[in-house]
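Here the structure comes first, spelled out in structure tokens, and everything after it is commentary.
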Amino acid sequence: MRHMMTLADLESKIQNVPREKIAFLPTPLQILPRFSKALGGPKILMKRDDLTGLALGGNKTRMFEYLLADARKHGADTLIGGAFVQSNYCRQLAAACRATGFEVELVLRKLTCDDDQNFQGNFLLDLLLGAKVHIISGDAEDQRQAMYRLAHRLEAEGKTPYVVRMANDGDLSLDAISYTVCFCEIVEQCQKLGIQPTHLYASSYDSTQAGLEVGNRALGGLMKIVGIAAETREGQNPRERMARCADLAAKRLDLPFRFSPDEIDNTTEYVGEGYGVVTREGLEMIRLLADTEGILLDPVYTGKAMAGLASHIKNGIVTKDDVIVFLHTGGTPLLFSYGEQLITEEIMELITYDTDRLD
Ligand SMILES: Cc1ncc(COP(=O)(O)O)c(C=O)c1O
């Protein structure tokens, strides 16, 4: 692919976009020698966006650097976010608002009938971060309407609300740009290490991969980007969403290219039974990475993405000669809300109750 611009040129375009610094960047790029060996495949490096720094980290923290700057520009004082009860997005939104002086209200939808009774994981952290939480029943459309009703109520009370995510579904370009920044970091870090990656793997359904695609295209197509989705949505194709999102981000950065869905590699093959349902392969990856490197993946996003990479290694889609960067997008608190489902018989064998056997 034609080389279009230098890293410095791309970074200077990004610098024109208003940003509120809340993340610890650049996140580390870590070589995983024992994990690579265990998978018997290529050299694997991990971009540690689970360490973005805000209340247990994750990919959304980067996105809020741009969204909060936009909210500030609009004179907002209260941010309204909406997703599932155990949302990483909402937990990082709550922390980002706390770190920058915004009020925050969350409209949360149940994924299971009683997940609002499980004060664990992200939901626990939302509350500890002092977010006002509204639990609703119904579908995504009911949630969207509830968020707008809340915004109207806050306006009537004299506040200036700014609705994020659900309402912004049409334009996720600011979220995506934060991942063009991440792509630039990866390129710079690889240059310093003298490594030329062939592939970049990430868990994504929209803005994360879209932003990486923009960075890769701007710099001339340095590596193949492979997205592994954690969900399927009826009537929607993640590649179409990503192309649209990448187009909007490229336009905002004044970059002279556009995307078509067939240029984007994203698969829903590793979702398993559905969003938020643990897969055996995902769990195996959580255990293997923990055993070999002491790093924690999560059961909903990164564990499934890693299962995708492991399967691609097994099937020869990537070979021993390739060099892989796996983007760890976070999700750590989900380990706690899924605790019971992660405890297998094999893990139980790690516990000894009979103290005599210590002698
Ligand atoms: C841990 C984690 N990884 C990946 C993603 C996917 O991000 P996106 O679909 O916005 O690219 C999310 C989204 O919530 C997430 O929480």
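We label chains A, B, ... in the order they appear in the structure tokens, count residues from 1 in each chain, and number ligands from 1 in the order shown.
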Taking only residues of chain A that have an atom at most 10 Å from an atom of ligand 1, what is each one's shortest atom pair and its distance in Å to one decimal, using only C-alpha atoms and all ligand atoms, in chain and number order, as CSV?
```
residue,atom,partner,partner_atom_place_in_ligand_line,distance
A:Asp49,CA,ligand 1,1 (C),9.1
A:Asp50,CA,ligand 1,1 (C),7.9
A:Gly57,CA,ligand 1,1 (C),9.1
A:Gly58,CA,ligand 1,1 (C),6.0
A:Asn59,CA,ligand 1,2 (C),6.3
A:Lys60,CA,ligand 1,16 (O),7.1
A:Met63,CA,ligand 1,10 (O),9.1
A:Ala83,CA,ligand 1,14 (O),8.8
A:Phe84,CA,ligand 1,14 (O),9.6
A:Gln86,CA,ligand 1,16 (O),9.5
A:Ser87,CA,ligand 1,14 (O),6.7
A:Asn88,CA,ligand 1,16 (O),4.7
A:Tyr89,CA,ligand 1,14 (O),5.5
A:Cys90,CA,ligand 1,14 (O),8.9
A:Arg91,CA,ligand 1,16 (O),9.7
A:Gln92,CA,ligand 1,16 (O),9.4
A:Arg165,CA,ligand 1,10 (O),9.6
A:Leu172,CA,ligand 1,10 (O),8.7
A:Asp175,CA,ligand 1,10 (O),7.7
A:Ala176,CA,ligand 1,11 (O),8.1
A:Tyr179,CA,ligand 1,11 (O),9.0
A:Ala202,CA,ligand 1,4 (C),7.4
A:Ser203,CA,ligand 1,4 (C),4.7
A:Ser204,CA,ligand 1,11 (O),3.7
A:Tyr205,CA,ligand 1,9 (O),3.5
A:Asp206,CA,ligand 1,11 (O),4.1
A:Ser207,CA,ligand 1,11 (O),4.2
A:Thr208,CA,ligand 1,11 (O),3.6
A:Gln209,CA,ligand 1,11 (O),5.6
A:Ala210,CA,ligand 1,11 (O),7.4
A:Gly211,CA,ligand 1,11 (O),8.7
A:Leu212,CA,ligand 1,11 (O),9.7
A:Gly227,CA,ligand 1,11 (O),8.7
A:Ile228,CA,ligand 1,4 (C),9.0
A:Ala229,CA,ligand 1,9 (O),7.4
A:Ala230,CA,ligand 1,6 (C),7.4
A:Glu231,CA,ligand 1,9 (O),8.9
A:Pro238,CA,ligand 1,9 (O),8.8
A:Arg241,CA,ligand 1,9 (O),9.9
A:Met242,CA,ligand 1,11 (O),8.7
A:Leu297,CA,ligand 1,1 (C),8.8
A:Asp298,CA,ligand 1,1 (C),7.2
A:Pro299,CA,ligand 1,1 (C),9.2
A:Val300,CA,ligand 1,1 (C),7.4
A:Tyr301,CA,ligand 1,3 (N),4.9
A:Thr302,CA,ligand 1,3 (N),6.0
A:Gly303,CA,ligand 1,1 (C),9.4
A:Lys304,CA,ligand 1,3 (N),9.9
A:Ala305,CA,ligand 1,3 (N),8.8
A:Leu327,CA,ligand 1,3 (N),9.0
A:His328,CA,ligand 1,3 (N),7.4
A:Thr329,CA,ligand 1,3 (N),4.4
A:Gly330,CA,ligand 1,1 (C),4.1
A:Gly331,CA,ligand 1,1 (C),3.8
A:Thr332,CA,ligand 1,1 (C),7.5
A:Pro333,CA,ligand 1,1 (C),9.4
A:Leu334,CA,ligand 1,1 (C),8.8
```
Could I get the residues of stretch 153-262 of chain A with an atom no further than 8 Å from an atom of stretch 8-16 of chain A, each paired with its nearest atom pair and that distance in Å to one decimal, using only C-alpha atoms, sorted by chain and residue number, as CSV?
```
residue,atom,partner,partner_atom,distance
A:Ile177,CA,A:Ile14,CA,7.6
A:Val181,CA,A:Glu11,CA,7.5
A:Cys184,CA,A:Glu11,CA,7.5
A:Gly215,CA,A:Leu10,CA,7.9
A:Ala218,CA,A:Leu10,CA,7.2
A:Leu219,CA,A:Leu10,CA,7.9
A:Leu253,CA,A:Lys13,CA,6.0
A:Asp254,CA,A:Lys13,CA,7.7
```
Item checked: Selected residue of minimal separation from A:Ala146 among A:Lys73, A:Lys132, A:Val107, A:Glu240, counting only C-alpha atoms ->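 Among A:Lys73, A:Lys132, A:Val107, A:Glu240, it is A:Val107 that comes nearest to A:Ala146.
The closest residue to A:Glu103, picked from A:Pro161, A:Gly308, A:Gly53, A:Pro42 and counting only C-alpha atoms, is A:Pro161.
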Next item on the list: Grab the atom CA of A:Asp142 to atom CA of A:Leu111 distance for me, in Å with one decimal place.
Entry: 13.9 Å
Check: From the list A:Ala250, A:Ile351, A:Leu335, A:Val271, which residue is nearest A:Gln120 when using only C-alpha atoms?
Finding: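 Checking each candidate against A:Gln120, we get A:Leu335 as the closest.
Across A:Glu273, A:Glu346, A:Glu65, A:Glu213, the tightest approach to A:Pro261 is made by A:Glu213 when counting only C-alpha atoms.
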Item checked: Sel. of strand (DSSP E or B) residues, stretch 175-280 of chain A, as a list of chain:residue names -> A:His199, A:Leu200, A:Tyr201, A:Ala202, A:Ser203, A:Lys224, A:Ile225, A:Val226, A:Gly227, A:Ile228, A:Asp265, A:Asn266, A:Thr267
Put those residues in a file: N, CA and C atoms, as a tab-separated table (two decimals), in the first residue's frame.
```tsv
chain	number	residue	atom	x	y	z
A	199	HIS	N	1.07	-8.30	12.14
A	199	HIS	CA	-0.36	-8.30	12.46
A	199	HIS	C	-0.62	-7.55	13.76
A	200	LEU	N	-1.80	-6.92	13.81
A	200	LEU	CA	-2.26	-6.30	15.06
A	200	LEU	C	-3.65	-6.87	15.34
A	201	TYR	N	-3.79	-7.58	16.47
A	201	TYR	CA	-5.07	-8.18	16.86
A	201	TYR	C	-5.71	-7.35	17.97
A	202	ALA	N	-7.04	-7.20	17.90
A	202	ALA	CA	-7.75	-6.46	18.96
A	202	ALA	C	-9.19	-6.93	19.05
A	203	SER	N	-9.73	-6.86	20.26
A	203	SER	CA	-11.17	-7.07	20.43
A	203	SER	C	-11.86	-5.77	20.05
A	224	LYS	N	-1.20	-5.94	9.14
A	224	LYS	CA	-2.58	-6.38	8.91
A	224	LYS	C	-3.32	-6.27	10.24
A	225	ILE	N	-4.47	-5.61	10.21
A	225	ILE	CA	-5.24	-5.46	11.44
A	225	ILE	C	-6.38	-6.47	11.45
A	226	VAL	N	-6.47	-7.23	12.55
A	226	VAL	CA	-7.50	-8.26	12.66
A	226	VAL	C	-8.34	-7.96	13.90
A	227	GLY	N	-9.61	-7.71	13.69
A	227	GLY	CA	-10.51	-7.45	14.81
A	227	GLY	C	-11.32	-8.68	15.14
A	228	ILE	N	-11.47	-8.95	16.44
A	228	ILE	CA	-12.31	-10.06	16.88
A	228	ILE	C	-13.45	-9.45	17.68
A	265	ASP	N	-10.89	-6.38	8.24
A	265	ASP	CA	-10.91	-7.78	8.66
A	265	ASP	C	-11.41	-7.85	10.10
A	266	ASN	N	-12.66	-8.25	10.24
A	266	ASN	CA	-13.23	-8.39	11.59
A	266	ASN	C	-14.15	-9.60	11.59
A	267	THR	N	-14.01	-10.43	12.61
A	267	THR	CA	-14.82	-11.65	12.62
A	267	THR	C	-15.65	-11.77	13.90
```
